[in-house]
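Q: Please see the structure below; I have some questions.
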Amino acid sequence: LDRVRVCASWPSPPCPAQSCAMALGLAPGILPILVLGLTSVAAFCTAFACTRSSFSSGGRARLAALSLITGCLALVYWIWALLNLQTHFDLGSITFFLALAASCVGWYAATSPVADGGLTAARIFRFFAPLSYWLVTLNYALGLAIVRGPPTRVVYFVIGMVVWAAAGVFAI
């Protein structure tokens, strides 16, 4: 569950992301959508630059790009989830960590020679990455089912579900 409870609806102080969004006058869900968009653009540009200069085209380049993109997204939202732990439990602290770990395994597989364990890492990635990315998708689906809020929050959950479900498919 990405957001187990809506921070502002409880008597406790708002979580860090909620405080930032309130200070900026943003509706719930807008800040994470903006962060997702900016992180995605930065990750895609970085992946393009890294794979273009370091790899020939092919499976390793695609694996490196996917791992870099999902790793960047997972890292940002894992940190976000860890910050949320100050005020409430956030299942993203687990699911995004798993997605980050899978992305690191994928990066290792893409950049390591086969003799140095790259093939083993690739096999682990083929199982672990789709599973962990789809766990993030389920996390968003759970958030969509449990957390009530304005349409902007629903849009954020749906976008997150689509992004991570697609990542899981691309990881197969």
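Chain lettering (A, B, ...) mirrors the order of the structure tokens, residue numbering begins at 1 for each chain separately, and ligand numbering begins at 1 in order of display.
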Would you kindly return, as a VMD selection string, each protein, DNA or RNA residue with an atom no farther than 7 Å from any atom of segment 77-83 of chain A, considering only C-alpha atoms and excluding same-chain residues fewer than 5 positions away?
A: chain A and resid 16 90 92 to 93 96 to 97
Q: Find the spatial neighbours of Ile124 of chain A, counting only C-alpha atoms, within a cut-off of 10 Å - ignore same-chain residues fewer than 5 positions away - and output them as an mmCIF file with N, CA, C and O atoms, in the first residue's frame.
A:
```cif
data_model
loop_
_atom_site.group_PDB
_atom_site.id
_atom_site.type_symbol
_atom_site.label_atom_id
_atom_site.label_comp_id
_atom_site.auth_asym_id
_atom_site.auth_seq_id
_atom_site.Cartn_x
_atom_site.Cartn_y
_atom_site.Cartn_z
ATOM 1 N N ALA A 102 15.961 -5.500 -7.379
ATOM 2 C CA ALA A 102 15.852 -6.177 -8.672
ATOM 3 C C ALA A 102 16.539 -5.360 -9.769
ATOM 4 O O ALA A 102 17.229 -5.918 -10.634
ATOM 5 N N VAL A 105 20.240 -5.832 -9.521
ATOM 6 C CA VAL A 105 20.625 -7.130 -10.081
ATOM 7 C C VAL A 105 20.641 -7.046 -11.609
ATOM 8 O O VAL A 105 21.556 -7.564 -12.267
ATOM 9 N N GLY A 106 19.646 -6.391 -12.177
ATOM 10 C CA GLY A 106 19.599 -6.222 -13.631
ATOM 11 C C GLY A 106 20.777 -5.418 -14.161
ATOM 12 O O GLY A 106 21.363 -5.765 -15.186
ATOM 13 N N ALA A 109 23.770 -7.618 -14.083
ATOM 14 C CA ALA A 109 23.715 -8.596 -15.176
ATOM 15 C C ALA A 109 24.078 -7.961 -16.513
ATOM 16 O O ALA A 109 24.753 -8.580 -17.345
ATOM 17 N N GLY A 118 27.469 -12.615 -14.642
ATOM 18 C CA GLY A 118 26.434 -11.873 -15.352
ATOM 19 C C GLY A 118 25.274 -12.742 -15.786
ATOM 20 O O GLY A 118 24.116 -12.333 -15.703
ATOM 21 N N LEU A 119 25.545 -13.968 -16.201
ATOM 22 C CA LEU A 119 24.483 -14.871 -16.633
ATOM 23 C C LEU A 119 23.611 -15.291 -15.458
ATOM 24 O O LEU A 119 22.382 -15.313 -15.560
ATOM 25 N N ALA A 129 12.728 -9.556 -11.015
ATOM 26 C CA ALA A 129 12.269 -8.233 -11.462
ATOM 27 C C ALA A 129 10.769 -8.195 -11.740
ATOM 28 O O ALA A 129 10.074 -7.327 -11.186
#
```
Q: List as a list in words the protein and nucleic acid residues near Gly29 of chain A, meaning an atom at most 8 Å away when only C-alpha atoms are counted, but skip any in the same chain fewer than 3 places from it.
A: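 In the requested form, the answer reads Pro32, Ile33, Thr152, Arg153, Val154, Val155 and Tyr156 of chain A.
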Q: What lies within 9 Å of Leu138 of chain A using only C-alpha atoms, ignoring chain neighbours under 3 positions off, as a ChimeraX atom specification?
A: /A:1,133-135,141-143,161,165
Q: Please, could you write that set of residues out with all heavy atoms as a short mmCIF file (atom, residue, chain, number, x, y, z; two decimals), in the first residue's frame?
A:
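File written: out_5.cif
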```cif
data_model
loop_
_atom_site.label_atom_id
_atom_site.label_comp_id
_atom_site.auth_asym_id
_atom_site.auth_seq_id
_atom_site.Cartn_x
_atom_site.Cartn_y
_atom_site.Cartn_z
N LEU A 1 0.86 -1.17 0.00
CA LEU A 1 0.00 0.00 0.00
C LEU A 1 0.89 1.22 0.00
O LEU A 1 1.74 1.38 0.87
CB LEU A 1 -0.89 -0.06 1.23
CG LEU A 1 -1.76 1.13 1.53
CD1 LEU A 1 -2.76 1.38 0.42
CD2 LEU A 1 -2.48 0.87 2.82
N TYR A 133 8.39 -5.85 -9.47
CA TYR A 133 7.69 -4.74 -10.12
C TYR A 133 6.18 -4.91 -10.01
O TYR A 133 5.45 -3.94 -9.82
CB TYR A 133 8.11 -4.61 -11.58
CG TYR A 133 9.58 -4.33 -11.81
CD1 TYR A 133 10.16 -4.54 -13.05
CD2 TYR A 133 10.42 -3.89 -10.78
CE1 TYR A 133 11.52 -4.29 -13.27
CE2 TYR A 133 11.76 -3.65 -11.00
CZ TYR A 133 12.31 -3.86 -12.25
OH TYR A 133 13.64 -3.62 -12.46
N TRP A 134 5.71 -6.14 -10.11
CA TRP A 134 4.27 -6.38 -9.97
C TRP A 134 3.82 -6.24 -8.53
O TRP A 134 2.66 -5.90 -8.28
CB TRP A 134 3.89 -7.72 -10.57
CG TRP A 134 4.02 -7.71 -12.09
CD1 TRP A 134 3.93 -6.62 -12.90
CD2 TRP A 134 4.28 -8.82 -12.93
NE1 TRP A 134 4.12 -7.00 -14.22
CE2 TRP A 134 4.34 -8.33 -14.26
CE3 TRP A 134 4.48 -10.18 -12.70
CZ2 TRP A 134 4.57 -9.16 -15.35
CZ3 TRP A 134 4.72 -11.00 -13.80
CH2 TRP A 134 4.75 -10.50 -15.10
N LEU A 135 4.71 -6.47 -7.57
CA LEU A 135 4.37 -6.19 -6.17
C LEU A 135 4.15 -4.68 -5.97
O LEU A 135 3.25 -4.28 -5.23
CB LEU A 135 5.45 -6.70 -5.22
CG LEU A 135 5.45 -8.21 -4.99
CD1 LEU A 135 6.67 -8.61 -4.15
CD2 LEU A 135 4.17 -8.67 -4.30
N ALA A 141 -2.42 -0.69 -6.40
CA ALA A 141 -3.81 -1.14 -6.47
C ALA A 141 -4.44 -1.15 -5.08
O ALA A 141 -5.60 -0.75 -4.90
CB ALA A 141 -3.89 -2.53 -7.11
N LEU A 142 -3.68 -1.59 -4.09
CA LEU A 142 -4.17 -1.59 -2.71
C LEU A 142 -4.42 -0.15 -2.24
O LEU A 142 -5.44 0.14 -1.61
CB LEU A 142 -3.15 -2.28 -1.81
CG LEU A 142 -3.58 -2.63 -0.40
CD1 LEU A 142 -4.83 -3.49 -0.40
CD2 LEU A 142 -2.45 -3.35 0.31
N GLY A 143 -3.50 0.74 -2.59
CA GLY A 143 -3.71 2.15 -2.25
C GLY A 143 -4.96 2.70 -2.90
O GLY A 143 -5.73 3.43 -2.28
N MET A 161 0.32 2.24 -11.21
CA MET A 161 0.01 0.86 -11.57
C MET A 161 0.43 0.55 -13.00
O MET A 161 1.04 -0.49 -13.27
CB MET A 161 -1.50 0.59 -11.40
CG MET A 161 -1.96 0.53 -9.97
SD MET A 161 -3.76 0.51 -9.79
CE MET A 161 -4.21 -0.86 -10.82
N ALA A 165 3.37 -2.08 -13.86
CA ALA A 165 2.92 -3.28 -14.57
C ALA A 165 3.68 -3.41 -15.89
O ALA A 165 4.12 -4.51 -16.25
CB ALA A 165 1.41 -3.21 -14.82
#
```
Q: What does the structure give for the distance between atom CA of Ala49 of chain A and atom CA of Arg62 of chain A, in Å to one decimal?
A: 12.6 Å
Q: Identify, on the basis of only C-alpha atoms, every residue whose closest approach to Gly37 of chain A does not exceed 12 Å; exclude the query and any residue fewer than 2 positions from it along the same chain; express the result as a VMD selection string.
A: chain A and resid 30 to 35 39 to 44 69 72 to 73 76 156 159 to 160 163
Q: Write out, as a PDB file, in the first residue's frame, the residues just selected, with C-alpha atoms.
A:
```pdb
ATOM      1  CA  ILE A  30      -0.233  16.088  -7.877  1.00  0.00           C
ATOM      2  CA  LEU A  31       3.187  16.163  -6.197  1.00  0.00           C
ATOM      3  CA  PRO A  32       3.831  12.418  -6.695  1.00  0.00           C
ATOM      4  CA  ILE A  33       2.649  12.695 -10.323  1.00  0.00           C
ATOM      5  CA  LEU A  34       5.112  15.552 -10.909  1.00  0.00           C
ATOM      6  CA  VAL A  35       7.912  13.633  -9.187  1.00  0.00           C
ATOM      7  CA  THR A  39      12.141  11.246 -12.407  1.00  0.00           C
ATOM      8  CA  SER A  40      11.009   9.311 -15.485  1.00  0.00           C
ATOM      9  CA  VAL A  41      12.325  11.932 -17.886  1.00  0.00           C
ATOM     10  CA  ALA A  42      15.658  12.136 -16.051  1.00  0.00           C
ATOM     11  CA  ALA A  43      15.919   8.329 -15.890  1.00  0.00           C
ATOM     12  CA  PHE A  44      15.089   7.895 -19.592  1.00  0.00           C
ATOM     13  CA  ILE A  69      14.958   3.552 -15.305  1.00  0.00           C
ATOM     14  CA  CYS A  72      15.826   5.528 -10.432  1.00  0.00           C
ATOM     15  CA  LEU A  73      12.054   5.426  -9.942  1.00  0.00           C
ATOM     16  CA  VAL A  76      13.039   8.062  -5.356  1.00  0.00           C
ATOM     17  CA  TYR A 156      -1.544   9.009  -9.367  1.00  0.00           C
ATOM     18  CA  ILE A 159      -0.375   5.944 -13.381  1.00  0.00           C
ATOM     19  CA  GLY A 160       1.803   4.131 -10.855  1.00  0.00           C
ATOM     20  CA  VAL A 163       4.139   2.185 -15.075  1.00  0.00           C
TER      21      VAL A 163
END
```
Q: For atom CA of Ala101 of chain A and atom CA of Gly59 of chain A, determine how far apart the two atoms are, in Å to one decimal place.
A: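 The value is 19.8 Å.
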Q: Would you work out the distance separating atom CA of Leu75 of chain A from atom CA of Leu63 of chain A, expressed in Å to one decimal?
A: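 So the answer is 17.5 Å.
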Q: I'd like the neighbourhood of Ala167 of chain A as a PyMOL selection string, where a residue qualifies if any of its atoms comes within 8 Å (using only C-alpha atoms), though same-chain residues fewer than 3 positions away should be ignored.
A: chain A and resi 66+70+130+133+163-164+170-171
Q: With DSSP run on the backbone, what are the alpha helix (DSSP H) residues within segment 52-150 of chain A? I'd like them as an MDAnalysis selection string.
A: chainID A and resid 52:54 59:84 92:111 118:146
